>>> print(open('start-v4.cif').read())   # mmCIF, C-alpha atoms and all ligand atoms
data_protein
loop_
_atom_site.label_atom_id
_atom_site.label_comp_id
_atom_site.auth_asym_id
_atom_site.auth_seq_id
_atom_site.Cartn_x
_atom_site.Cartn_y
_atom_site.Cartn_z
CA MET A 1 88.38 12.25 158.78
CA GLN A 2 91.90 12.15 160.25
CA ASN A 3 92.12 13.85 163.63
CA LEU A 4 95.52 15.56 163.45
CA LEU A 5 95.83 15.43 167.26
CA ASP A 6 96.11 11.64 166.93
CA LEU A 7 99.34 11.89 164.92
CA GLU A 8 102.62 12.12 166.79
CA PRO A 9 105.33 14.11 164.94
CA ALA A 10 106.74 11.14 162.98
CA ALA A 11 103.26 9.94 162.06
CA LEU A 12 102.34 13.39 160.76
CA VAL A 13 105.42 13.34 158.52
CA GLN A 14 104.31 9.96 157.14
CA TRP A 15 100.71 10.99 156.71
CA LEU A 16 101.71 14.07 154.72
CA ALA A 17 104.35 12.13 152.77
CA ALA A 18 101.59 9.82 151.57
CA ARG A 19 100.04 12.95 150.05
CA GLY A 20 103.30 13.94 148.37
CA GLU A 21 104.32 16.54 150.93
CA LYS A 22 107.85 17.10 152.24
CA PRO A 23 108.73 16.70 155.95
CA PHE A 24 109.05 20.46 156.48
CA ARG A 25 105.31 20.73 155.79
CA ALA A 26 104.67 18.44 158.75
CA ARG A 27 106.75 20.72 160.95
CA GLN A 28 104.75 23.71 159.73
CA VAL A 29 101.42 22.00 160.35
CA SER A 30 102.60 20.82 163.76
CA ARG A 31 103.53 24.36 164.80
CA TRP A 32 100.12 25.64 163.70
CA ILE A 33 98.34 23.01 165.76
CA HIS A 34 100.42 22.75 168.92
CA GLN A 35 102.10 26.16 169.18
CA ARG A 36 99.67 28.58 167.57
CA LEU A 37 96.85 26.35 168.77
CA VAL A 38 94.57 26.78 165.77
CA ALA A 39 91.43 24.68 165.64
CA ASN A 40 90.99 24.93 161.92
CA VAL A 41 93.07 24.01 158.89
CA ASP A 42 91.91 27.19 157.10
CA ALA A 43 93.90 29.22 159.60
CA MET A 44 97.20 27.73 158.36
CA THR A 45 97.82 30.65 156.05
CA ASP A 46 101.35 29.81 154.94
CA LEU A 47 100.36 26.47 153.42
CA ALA A 48 99.76 26.35 149.68
CA LYS A 49 96.05 26.71 148.88
CA PRO A 50 95.65 23.24 147.31
CA LEU A 51 97.16 21.58 150.41
CA ARG A 52 94.94 23.62 152.69
CA ALA A 53 91.92 22.64 150.64
CA SER A 54 92.78 18.95 150.72
CA LEU A 55 93.48 19.06 154.48
CA ALA A 56 90.20 20.87 155.06
CA ASN A 57 88.53 17.98 153.25
CA ASP A 58 89.88 15.07 155.19
CA ALA A 59 91.59 16.30 158.37
CA GLU A 60 90.39 17.96 161.53
CA ILE A 61 91.74 19.14 164.88
CA ARG A 62 89.41 17.62 167.44
CA ALA A 63 90.02 17.75 171.19
CA PRO A 64 87.56 16.23 173.66
CA HIS A 65 84.46 18.35 174.18
CA VAL A 66 84.36 20.25 177.50
CA LEU A 67 81.35 19.30 179.60
CA ARG A 68 82.20 21.40 182.65
CA ASP A 69 84.85 23.95 183.63
CA THR A 70 85.32 24.54 187.37
CA THR A 71 87.81 26.67 189.30
CA ALA A 72 88.66 26.02 192.95
CA SER A 73 89.24 28.70 195.55
CA ASP A 74 93.01 28.16 195.27
CA GLY A 75 92.99 28.65 191.47
CA THR A 76 93.15 24.96 190.56
CA ARG A 77 90.98 24.43 187.51
CA LYS A 78 89.30 21.25 186.40
CA TRP A 79 87.88 20.45 182.99
CA LEU A 80 85.43 17.59 182.68
CA LEU A 81 85.83 16.19 179.18
CA ASP A 82 83.51 14.05 177.13
CA ALA A 83 84.95 10.60 176.45
CA GLY A 84 81.94 9.30 174.53
CA SER A 85 79.18 6.82 175.39
CA GLY A 86 78.38 8.59 178.65
CA ASN A 87 81.99 8.51 179.92
CA ALA A 88 83.88 11.58 181.01
CA VAL A 89 87.47 12.18 182.13
CA GLU A 90 89.16 15.07 183.89
CA ALA A 91 92.18 17.28 183.30
CA VAL A 92 93.40 19.52 186.12
CA CYS A 93 95.46 22.69 185.80
CA ILE A 94 97.54 23.67 188.84
CA PRO A 95 98.99 27.19 188.74
CA GLU A 96 102.01 27.86 190.98
CA ASP A 97 104.42 30.78 191.27
CA ASP A 98 107.10 29.38 188.99
CA ARG A 99 105.17 26.93 186.81
CA THR A 100 101.75 25.83 185.63
CA THR A 101 101.20 22.09 185.67
CA LEU A 102 98.56 20.14 183.78
CA CYS A 103 97.51 16.80 185.25
CA VAL A 104 96.42 14.64 182.32
CA SER A 105 94.17 11.55 182.22
CA SER A 106 95.07 8.47 180.19
CA GLN A 107 92.05 6.17 180.57
CA ALA A 108 88.31 6.42 181.24
CA GLY A 109 88.49 4.75 184.64
CA CYS A 110 91.16 2.30 185.72
CA ALA A 111 91.18 -1.47 186.00
CA LEU A 112 93.85 -1.70 188.70
CA ASP A 113 91.51 -1.18 191.61
CA CYS A 114 93.76 0.43 194.22
CA ALA A 115 91.84 0.43 197.48
CA PHE A 116 92.07 4.18 198.22
CA CYS A 117 91.48 5.60 194.71
CA SER A 118 88.20 7.01 193.51
CA THR A 119 89.05 6.46 189.84
CA GLY A 120 89.76 2.79 190.57
CA ARG A 121 86.53 2.51 192.49
CA GLN A 122 84.61 3.37 189.35
CA GLY A 123 86.04 0.56 187.27
CA PHE A 124 87.35 0.77 183.73
CA ASN A 125 85.74 1.66 180.44
CA ARG A 126 88.44 2.25 177.82
CA ASN A 127 91.82 3.65 176.89
CA LEU A 128 91.93 7.24 175.71
CA THR A 129 93.26 7.79 172.18
CA THR A 130 96.45 9.76 171.56
CA GLY A 131 94.27 12.62 170.31
CA GLU A 132 92.25 12.64 173.52
CA ILE A 133 95.43 12.74 175.61
CA VAL A 134 97.19 15.41 173.53
CA GLY A 135 93.84 17.22 173.25
CA GLN A 136 93.91 17.88 177.01
CA LEU A 137 97.15 19.88 176.72
CA TRP A 138 96.06 21.54 173.48
CA HIS A 139 92.78 22.61 175.07
CA ALA A 140 94.38 23.87 178.29
CA ASN A 141 97.01 25.93 176.46
CA ARG A 142 94.47 27.30 174.00
CA THR A 143 91.98 28.28 176.71
CA LEU A 144 94.55 29.85 179.02
CA GLN A 145 96.24 31.67 176.17
CA ALA A 146 92.96 33.06 174.88
CA GLU A 147 92.12 34.26 178.37
CA ALA A 148 95.52 35.90 178.75
CA THR A 149 95.16 37.70 175.45
CA THR A 150 92.57 40.33 176.09
CA SER A 151 92.58 41.77 172.58
CA ALA A 152 93.90 40.84 169.18
CA ALA A 153 95.86 44.09 169.02
CA GLU A 154 97.65 43.25 172.24
CA ALA A 155 98.49 39.80 170.90
CA SER A 156 100.03 41.10 167.71
CA SER A 157 102.10 43.76 169.45
CA ALA A 158 103.37 41.31 172.07
CA GLY A 159 104.13 38.59 169.51
CA PRO A 160 103.31 34.93 170.18
CA LEU A 161 102.77 34.21 173.87
CA ARG A 162 104.71 31.53 175.69
CA ALA A 163 102.62 28.40 176.15
CA PRO A 164 100.86 28.70 179.51
CA ILE A 165 101.39 25.08 180.57
CA THR A 166 105.03 24.52 181.55
CA ASN A 167 104.80 21.01 183.08
CA VAL A 168 102.75 17.91 182.39
CA VAL A 169 102.10 15.10 184.84
CA MET A 170 100.40 11.89 183.72
CA MET A 171 98.66 11.60 187.09
CA GLY A 172 95.02 12.02 186.18
CA MET A 173 92.54 9.21 185.69
CA GLY A 174 93.92 5.87 184.60
CA GLU A 175 97.16 3.93 184.61
CA PRO A 176 99.23 5.45 181.78
CA LEU A 177 101.44 2.41 181.26
CA ALA A 178 98.34 0.24 180.74
CA ASN A 179 97.65 2.44 177.69
CA PHE A 180 101.25 2.47 176.49
CA ASP A 181 100.56 2.53 172.74
CA ASN A 182 98.53 5.73 172.94
CA VAL A 183 100.42 7.38 175.80
CA VAL A 184 103.92 7.19 174.26
CA PRO A 185 102.94 9.03 171.03
CA ALA A 186 101.31 11.67 173.24
CA LEU A 187 104.51 12.00 175.29
CA ARG A 188 106.53 12.38 172.09
CA THR A 189 104.20 15.20 171.04
CA PHE A 190 104.66 16.91 174.41
CA LEU A 191 108.45 16.74 173.91
CA ASP A 192 108.79 17.58 170.22
CA ASP A 193 110.34 20.97 169.40
CA ASN A 194 107.77 21.63 166.70
CA ALA A 195 104.94 20.76 169.06
CA TYR A 196 104.99 21.60 172.79
CA GLY A 197 108.78 21.42 173.18
CA LEU A 198 108.72 20.47 176.87
CA SER A 199 111.94 19.07 178.31
CA ARG A 200 111.86 15.46 179.52
CA ARG A 201 112.33 16.70 183.05
CA ARG A 202 109.08 18.66 182.85
CA VAL A 203 107.02 15.66 181.77
CA THR A 204 106.34 13.13 184.53
CA LEU A 205 104.60 9.80 184.22
CA SER A 206 103.19 8.21 187.35
CA THR A 207 102.65 4.45 187.45
CA SER A 208 101.38 2.02 190.03
CA GLY A 209 104.23 -0.28 189.00
CA LEU A 210 103.69 -2.16 185.72
CA VAL A 211 107.26 -3.47 185.65
CA PRO A 212 107.58 -4.65 182.02
CA TRP A 213 106.18 -1.36 180.78
CA ILE A 214 108.56 0.68 182.93
CA ASP A 215 111.34 -1.05 180.99
CA ARG A 216 109.68 -0.26 177.67
CA LEU A 217 109.23 3.37 178.63
CA ARG A 218 112.93 3.52 179.46
CA ASP A 219 113.77 2.20 175.99
CA GLU A 220 111.23 4.17 173.98
CA CYS A 221 110.56 7.48 175.68
CA PRO A 222 112.20 8.11 179.05
CA VAL A 223 110.54 10.95 180.93
CA ALA A 224 110.62 11.75 184.64
CA LEU A 225 109.22 8.76 186.54
CA ALA A 226 106.99 8.69 189.59
CA VAL A 227 106.06 5.37 191.17
CA SER A 228 103.06 4.94 193.46
CA LEU A 229 104.54 2.96 196.32
CA HIS A 230 102.10 3.47 199.22
CA ALA A 231 103.40 0.54 201.29
CA PRO A 232 106.85 -0.73 202.32
CA THR A 233 106.02 -4.45 202.46
CA ASN A 234 104.47 -6.86 199.97
CA ASP A 235 101.79 -7.92 202.45
CA LEU A 236 100.43 -4.43 202.84
CA ARG A 237 101.00 -3.37 199.23
CA ASP A 238 99.17 -6.46 197.96
CA ARG A 239 96.10 -5.09 199.73
CA LEU A 240 96.43 -1.43 198.80
CA VAL A 241 97.79 -1.72 195.25
CA PRO A 242 96.60 -5.10 193.90
CA ILE A 243 98.99 -5.04 190.90
CA ASN A 244 101.71 -5.73 193.51
CA ARG A 245 100.60 -9.36 193.50
CA ARG A 246 101.84 -9.61 189.94
CA HIS A 247 104.86 -7.28 190.24
CA PRO A 248 106.08 -7.34 193.85
CA LEU A 249 108.32 -4.75 195.46
CA GLU A 250 111.64 -6.51 194.72
CA SER A 251 111.00 -6.49 190.98
CA LEU A 252 109.59 -2.95 191.12
CA MET A 253 112.73 -1.63 192.88
CA ALA A 254 114.93 -3.41 190.32
CA ALA A 255 112.93 -1.80 187.48
CA CYS A 256 113.41 1.63 189.05
CA LEU A 257 117.18 1.10 189.15
CA ARG A 258 117.20 0.05 185.49
CA TYR A 259 115.10 3.10 184.59
CA LEU A 260 117.59 5.45 186.22
CA ASP A 261 120.23 4.59 183.58
CA ARG A 262 118.22 6.53 181.03
CA ALA A 263 116.00 8.79 183.10
CA PRO A 264 116.17 12.53 182.49
CA ARG A 265 116.39 13.07 186.24
CA ASP A 266 118.79 11.23 188.49
CA PHE A 267 116.10 10.07 190.89
CA VAL A 268 112.73 8.36 190.91
CA THR A 269 109.89 10.00 192.80
CA PHE A 270 108.05 7.62 195.11
CA GLU A 271 104.51 8.62 195.95
CA TYR A 272 103.16 7.46 199.28
CA VAL A 273 99.56 8.20 200.26
CA MET A 274 99.17 8.69 204.01
CA LEU A 275 96.32 6.53 205.30
CA ASP A 276 95.41 6.88 208.95
CA GLY A 277 96.38 3.77 210.91
CA VAL A 278 97.15 1.77 207.74
CA ASN A 279 100.62 2.65 206.43
CA ASP A 280 101.67 5.67 208.50
CA GLY A 281 103.35 4.21 211.61
CA ILE A 282 106.99 4.64 212.57
CA GLY A 283 107.53 0.94 211.78
CA HIS A 284 106.30 1.58 208.25
CA ALA A 285 108.71 4.51 207.96
CA ARG A 286 111.61 2.26 209.01
CA ALA A 287 110.62 -0.47 206.55
CA LEU A 288 110.31 2.17 203.83
CA ILE A 289 113.82 3.48 204.56
CA ASP A 290 115.18 -0.07 204.19
CA LEU A 291 113.24 -0.65 200.99
CA VAL A 292 114.44 2.45 199.12
CA ARG A 293 117.95 2.58 200.56
CA ASP A 294 119.64 1.59 197.30
CA VAL A 295 117.45 3.57 194.91
CA PRO A 296 118.26 7.25 194.27
CA CYS A 297 114.85 8.73 195.01
CA LYS A 298 112.69 11.45 196.46
CA LEU A 299 109.70 10.65 198.62
CA ASN A 300 106.47 12.54 198.08
CA LEU A 301 103.97 12.00 200.90
CA ILE A 302 100.39 12.58 199.75
CA PRO A 303 97.79 13.28 202.45
CA PHE A 304 94.91 10.96 201.56
CA ASN A 305 92.13 12.89 199.84
CA PRO A 306 88.86 11.46 201.03
CA PHE A 307 85.89 10.66 198.81
CA PRO A 308 82.50 9.27 199.80
CA GLY A 309 82.55 5.66 200.91
CA SER A 310 86.33 5.25 200.66
CA GLY A 311 86.66 3.57 204.06
CA PHE A 312 89.97 5.40 204.70
CA ALA A 313 90.87 8.53 206.63
CA THR A 314 93.73 10.98 206.22
CA SER A 315 96.62 10.63 208.66
CA PRO A 316 96.74 13.44 211.19
CA ARG A 317 99.04 16.30 210.21
CA GLU A 318 101.46 15.59 213.08
CA ARG A 319 101.86 11.95 212.08
CA ILE A 320 102.61 12.94 208.47
CA ARG A 321 105.25 15.37 209.74
CA GLY A 322 106.77 12.72 212.02
CA PHE A 323 106.87 10.24 209.13
CA ALA A 324 108.56 12.83 206.91
CA HIS A 325 111.14 13.61 209.61
CA ALA A 326 112.02 9.93 210.05
CA LEU A 327 112.72 9.68 206.30
CA GLN A 328 114.63 12.95 206.24
CA ASP A 329 116.77 11.86 209.19
CA ALA A 330 117.71 8.80 207.15
CA GLY A 331 118.90 11.11 204.36
CA ILE A 332 115.92 10.71 202.04
CA VAL A 333 114.64 13.92 200.43
CA THR A 334 111.00 14.00 201.45
CA THR A 335 108.23 16.45 200.66
CA ILE A 336 104.59 16.58 201.70
CA ARG A 337 102.32 17.23 198.75
CA LYS A 338 100.18 20.29 199.14
CA THR A 339 96.55 19.43 198.57
CA ARG A 340 95.17 21.49 195.70
CA GLY A 341 91.66 21.91 194.43
CA ASP A 342 89.98 19.70 197.00
CA ASP A 343 86.90 21.93 197.14
CA ILE A 344 86.13 20.90 193.55
CA ALA A 345 87.25 17.25 193.97
CA ALA A 346 90.30 17.92 191.80
CA ALA A 347 92.93 16.67 194.27
CA CYS A 348 94.97 13.48 193.78
CA GLY A 349 92.77 10.42 193.70
CA GLN A 350 89.52 12.36 193.71
CA LEU A 351 89.16 12.43 189.95
CA ALA A 352 86.13 10.40 189.12
CA GLY A 353 84.75 11.87 185.88
CA GLN A 354 82.08 9.48 184.85
CA VAL A 355 82.87 5.91 183.94
CA HIS A 356 80.69 3.08 182.80
CA ASP A 357 82.45 0.08 184.24
CA ARG A 358 82.87 -2.77 181.83
CA THR A 359 83.65 -5.08 184.76
CA THR A 360 87.31 -5.45 183.82
CA ARG A 361 88.03 -4.12 187.29
CA ARG A 362 86.46 -7.09 189.02
CA LEU A 363 88.11 -9.45 186.56
CA ALA A 364 91.51 -7.82 187.13
CA SER A 365 91.32 -8.10 190.91
CA ARG A 366 90.16 -11.69 190.67
CA ALA A 367 93.02 -12.53 188.31
CA ALA A 368 95.50 -10.81 190.59
CA ALA A 369 94.15 -12.68 193.60
CA ALA A 370 94.42 -15.96 191.73
CA ALA A 371 98.04 -15.23 190.81
CA HIS A 372 98.88 -14.67 194.45
N1 LIG B 401 97.57 5.38 187.87
C1 LIG B 401 98.73 6.12 188.16
C2 LIG B 401 98.58 7.61 187.99
C3 LIG B 401 97.32 8.27 188.53
S1 LIG B 401 97.07 8.48 190.23
C4 LIG B 401 99.26 5.80 189.53
O1 LIG B 401 98.57 5.13 190.28
O2 LIG B 401 100.39 6.17 189.82
C5 LIG B 401 98.15 9.76 190.80
C6 LIG B 401 98.55 9.55 192.28
O3 LIG B 401 97.45 9.80 193.19
C7 LIG B 401 98.99 8.14 192.55
O4 LIG B 401 100.13 8.11 193.35
C8 LIG B 401 97.80 7.58 193.30
O5 LIG B 401 98.14 6.44 194.03
C9 LIG B 401 97.40 8.75 194.14
N2 LIG B 401 96.06 8.62 194.73
C10 LIG B 401 95.05 7.82 194.33
N3 LIG B 401 93.98 7.99 195.14
C11 LIG B 401 94.32 8.92 196.05
C12 LIG B 401 93.62 9.55 197.14
N4 LIG B 401 92.35 9.28 197.40
N5 LIG B 401 94.28 10.48 197.87
C13 LIG B 401 95.56 10.82 197.57
N6 LIG B 401 96.26 10.27 196.55
C14 LIG B 401 95.65 9.33 195.81
FE1 LIG B 402 94.46 3.18 188.82
FE2 LIG B 402 96.38 4.79 189.77
FE3 LIG B 402 93.90 4.80 190.85
FE4 LIG B 402 95.51 2.69 191.20
S1 LIG B 402 95.86 4.79 191.95
S2 LIG B 402 93.33 2.59 190.65
S3 LIG B 402 96.58 2.59 189.24
S4 LIG B 402 94.44 5.42 188.77
#
>>> encode(input="start-v4.cif", output="C-alpha cells")
Amino acid sequence: MQNLLDLEPAALVQWLAARGEKPFRARQVSRWIHQRLVANVDAMTDLAKPLRASLANDAEIRAPHVLRDTTASDGTRKWLLDAGSGNAVEAVCIPEDDRTTLCVSSQAGCALDCAFCSTGRQGFNRNLTTGEIVGQLWHANRTLQAEATTSAAEASSAGPLRAPITNVVMMGMGEPLANFDNVVPALRTFLDDNAYGLSRRRVTLSTSGLVPWIDRLRDECPVALAVSLHAPTNDLRDRLVPINRRHPLESLMAACLRYLDRAPRDFVTFEYVMLDGVNDGIGHARALIDLVRDVPCKLNLIPFNPFPGSGFATSPRERIRGFAHALQDAGIVTTIRKTRGDDIAAACGQLAGQVHDRTTRRLASRAAAAAH
C-alpha cells in the first residue's frame, strides 16, 4: 500500500506516470489530499472510475493516529500522535490573532542531547517518515476545518474554506536537519501550490546548528531559518548544546551568512533560552552582541520552560527584560517569546511524547565529547 502522504509533489507525478497517468492527474490528486483534505480515494469524484478503483486498491491516505487531543487554557492545542512501537510524538497548534501556527515534530526523540530540553532527555528512537511529518499538517487542517464547518449546507454555500493553518514551524520534537531526507520532501509539500501553498516565509525550520545540512537546505529548499544559539561562547555552548563541539560558533555564524544569500527572509532568527544564572548575565549579553554583529538577525529570547528533573530554572522576568534591552540598545531586534500552552506541557522544549531510547543519545554525546 502506498501512503500518498509520503509522496512529495514531484514523487506523486512519477508514481502516477508509472501507471500511465499525465502530470495534471497528480495535481488533481494532490489538491484532493492536501486542500480538500479527503481521507479516502473514493472521494476524488473527478477522477476517472478505473483510476479511482486502482488507487483504492493500492494507495491510502494515512496520517499518524491521534492518541490524545488536549487544549490549554490559552487555546494552544496539542495532539499526541502514535509513532509506532510504543513511541509517540506531538504536534502543537498555536492560534493567534493574525495567524495560526502549527509546530511540527520531525523525529521520535532527539539524539543531540541539549542539556535543557525534555525531548533530548528522552533519547532518540527514529526519524519520522515524510508521511508522518506531512500528516501532522494534514490532520491539523482537517480537524480544524471540520470543526469550523458546522454543517454541510454551510460549507457548500460558503465554498471551500481557507486552510486553518497559516504558518508551520519545524520546532517540535527532534532535530529536523538530522532527518533531512524526509523533512525536505515534507517542506516541498508545505510550499507546493497544489498542496498547502504556504510561502517560504511562513515555513520556518529551527536547527541546533548542523552546519553541513544548513548549506544543503540553502541549496535544496530554502525556508525561513531559526538557529538555536543559547550561548555566546564555545565553552558554554559546548555544555548546553553538545553538537557545538562538532560545529563551533565560528562555523555556525559563517553558515548563517551563506544561508542568507538564498533565504526567503533577509535575517536569521536566533533562539536563546534564558537559563537562570547560566547564560543570562550582562556579560553574556555583551558577548552575544559581539558574536552576531555581522549577521543580519533577530533575537528571540525564550523563557526556559521547566520540566521535572531538568536541573535548570527560568531567568527572572526582570533579568530577561534587561537582557533584551541590552541587545536592543545595540541595535538588534529582540523579542521575548510568549510562553504558550505550558499548562498542558506544550511549550517550547516541553514536548516529550513517548520515546523508547535506542541509546543513540548516549553514543552521540560520547562521540561529541571525544571529538572535543
Ligand atoms: N531541534 C531543533 C528544533 C526543536 S526545539 C532545535 O533545537 O532548534 C525548538 C526550540 O525550543 C529550540 O530553540 C530549543 O532549543 C528550544 N528549547 C528546548 N528546550 C527548551 C526548554 N525547556 N525551554 C524553552 N525552550 C526550549
Ligand atoms: Fe534536539 Fe532541539 Fe532538543 Fe537539542 S533542543 S535536544 S536539538 S530537540
>>> closest_residue(input="start-v4.cif", among="A:Gly75, A:Pro50, A:Pro176, A:Gly131", to="ligand LIG 402 (chain B)", atoms="all atoms listed in the file")
A:Pro176
>>> residues_around(input="start-v4.cif", residues="Asp342 in chain A", least_positions_apart="5", cutoff="8 Å", atoms="all atoms listed in the file", output="PDB file with C-alpha atoms, in the coordinates of the input")
ATOM      1  CA  ALA A  72      88.660  26.020 192.950  1.00  0.00           C
ATOM      2  CA  ASN A 305      92.130  12.890 199.840  1.00  0.00           C
ATOM      3  CA  ALA A 347      92.930  16.670 194.270  1.00  0.00           C
TER       4      ALA A 347
END
>>> residues_around(input="start-v4.cif", residues="range 320-330 of chain A", least_positions_apart="5", cutoff="12 Å", atoms="all atoms listed in the file", output="ChimeraX atom specification")
/A:272-277,279-293,297-304,314-315,335-337
>>> residues_around(input="start-v4.cif", residues="range 234-240 of chain A", least_positions_apart="2", cutoff="12 Å", atoms="all atoms listed in the file", output="PyMOL selection string")
chain A and resi 112-117+120+208-209+228-232+242-252+272-275+278-280+284+287-288+291+312+365+368-369+371-372
>>> residues_near_point(input="start-v4.cif", point="(91.3, 16.6, 189.6)", cutoff="7 Å", atoms="all atoms listed in the file", output="VMD selection string")
chain A and resid 78 90 to 92 172 345 to 348 350 to 351
>>> atom_distance(input="start-v4.cif", atom1="CA of Thr149 in chain A", atom2="CA of Arg36 in chain A")
12.9 Å
>>> closest_residue(input="start-v4.cif", among="A:Ala146, A:Val268, A:Ala178, A:Ile94", to="ligand LIG 401 (chain B)", atoms="only C-alpha atoms and all ligand atoms")
A:Ala178
>>> closest_residue(input="start-v4.cif", among="A:Asp69, A:Glu96, A:Asp58, A:Glu175", to="Thr119 in chain A", atoms="all atoms listed in the file")
A:Glu175
>>> closest_residue(input="start-v4.cif", among="A:Leu16, A:Ala148, A:Leu102, A:Leu37", to="Ile133 in chain A", atoms="only C-alpha atoms")
A:Leu102
>>> atom_distance(input="start-v4.cif", atom1="atom C13 of ligand LIG 401 (chain B)", atom2="CA of Cys103 in chain A")
13.8 Å
>>> atom_distance(input="start-v4.cif", atom1="CA of Thr130 in chain A", atom2="CA of Val41 in chain A")
19.4 Å
>>> closest_residue(input="start-v4.cif", among="A:Thr207, A:Leu198, A:Ala26, A:Leu191", to="Gln14 in chain A", atoms="only C-alpha atoms")
A:Ala26
>>> residues_around(input="start-v4.cif", residues="Ala11 in chain A", least_positions_apart="5", cutoff="12 Å", atoms="all atoms listed in the file", output="ChimeraX atom specification")
/A:2-6,16-18,23,26-27,30,130,185-186,188-189
>>> axis_aligned_box(input="start-v4.cif", around="ligand LIG 401 (chain B)", padding_each_side="4 Å", output="JSON")
{"center_x": 96.4, "center_y": 8.0, "center_z": 192.9, "size_x": 16.0, "size_y": 13.7, "size_z": 18.0}
>>> closest_residue(input="start-v4.cif", among="A:Val169, A:Met44, A:Ala108, A:Leu81", to="ligand LIG 402 (chain B)", atoms="all atoms listed in the file")
A:Ala108
>>> residues_around(input="start-v4.cif", residues="Leu67 in chain A", least_positions_apart="4", cutoff="9 Å", atoms="all atoms listed in the file", output="list of chain:residue names")
A:Trp79, A:Leu80, A:Leu81, A:Asp82, A:Ala88
>>> decode(input="start-v4.cif", residues="range 158-191 of chain A", atoms="C-alpha atoms", output="PDB file, in the first residue's frame")
ATOM      1  CA  ALA A 158     -19.558  29.331   1.720  1.00  0.00           C
ATOM      2  CA  GLY A 159     -17.405  27.439  -0.801  1.00  0.00           C
ATOM      3  CA  PRO A 160     -14.090  25.853   0.188  1.00  0.00           C
ATOM      4  CA  LEU A 161     -12.709  27.266   3.435  1.00  0.00           C
ATOM      5  CA  ARG A 162      -9.241  28.730   3.668  1.00  0.00           C
ATOM      6  CA  ALA A 163      -6.821  26.283   5.269  1.00  0.00           C
ATOM      7  CA  PRO A 164      -6.826  26.990   9.005  1.00  0.00           C
ATOM      8  CA  ILE A 165      -3.060  26.632   9.486  1.00  0.00           C
ATOM      9  CA  THR A 166      -1.258  29.663   8.036  1.00  0.00           C
ATOM     10  CA  ASN A 167       2.289  29.054   9.347  1.00  0.00           C
ATOM     11  CA  VAL A 168       4.410  25.995  10.016  1.00  0.00           C
ATOM     12  CA  VAL A 169       7.414  25.852  12.322  1.00  0.00           C
ATOM     13  CA  MET A 170       9.637  22.779  12.432  1.00  0.00           C
ATOM     14  CA  MET A 171      10.197  23.281  16.160  1.00  0.00           C
ATOM     15  CA  GLY A 172       8.550  20.232  17.673  1.00  0.00           C
ATOM     16  CA  MET A 173      10.325  17.082  18.762  1.00  0.00           C
ATOM     17  CA  GLY A 174      13.572  16.248  17.022  1.00  0.00           C
ATOM     18  CA  GLU A 175      16.308  17.934  15.026  1.00  0.00           C
ATOM     19  CA  PRO A 176      14.825  18.431  11.545  1.00  0.00           C
ATOM     20  CA  LEU A 177      18.171  18.643   9.750  1.00  0.00           C
ATOM     21  CA  ALA A 178      19.163  15.253  11.203  1.00  0.00           C
ATOM     22  CA  ASN A 179      16.211  13.849   9.230  1.00  0.00           C
ATOM     23  CA  PHE A 180      16.937  15.843   6.082  1.00  0.00           C
ATOM     24  CA  ASP A 181      15.804  13.246   3.534  1.00  0.00           C
ATOM     25  CA  ASN A 182      12.297  13.042   4.963  1.00  0.00           C
ATOM     26  CA  VAL A 183      11.982  16.660   6.091  1.00  0.00           C
ATOM     27  CA  VAL A 184      12.798  18.314   2.742  1.00  0.00           C
ATOM     28  CA  PRO A 185      10.053  16.455   0.797  1.00  0.00           C
ATOM     29  CA  ALA A 186       7.648  17.463   3.573  1.00  0.00           C
ATOM     30  CA  LEU A 187       8.745  21.111   3.249  1.00  0.00           C
ATOM     31  CA  ARG A 188       8.225  20.943  -0.511  1.00  0.00           C
ATOM     32  CA  THR A 189       4.693  19.677   0.107  1.00  0.00           C
ATOM     33  CA  PHE A 190       4.026  22.548   2.512  1.00  0.00           C
ATOM     34  CA  LEU A 191       5.160  25.001  -0.188  1.00  0.00           C
TER      35      LEU A 191
END
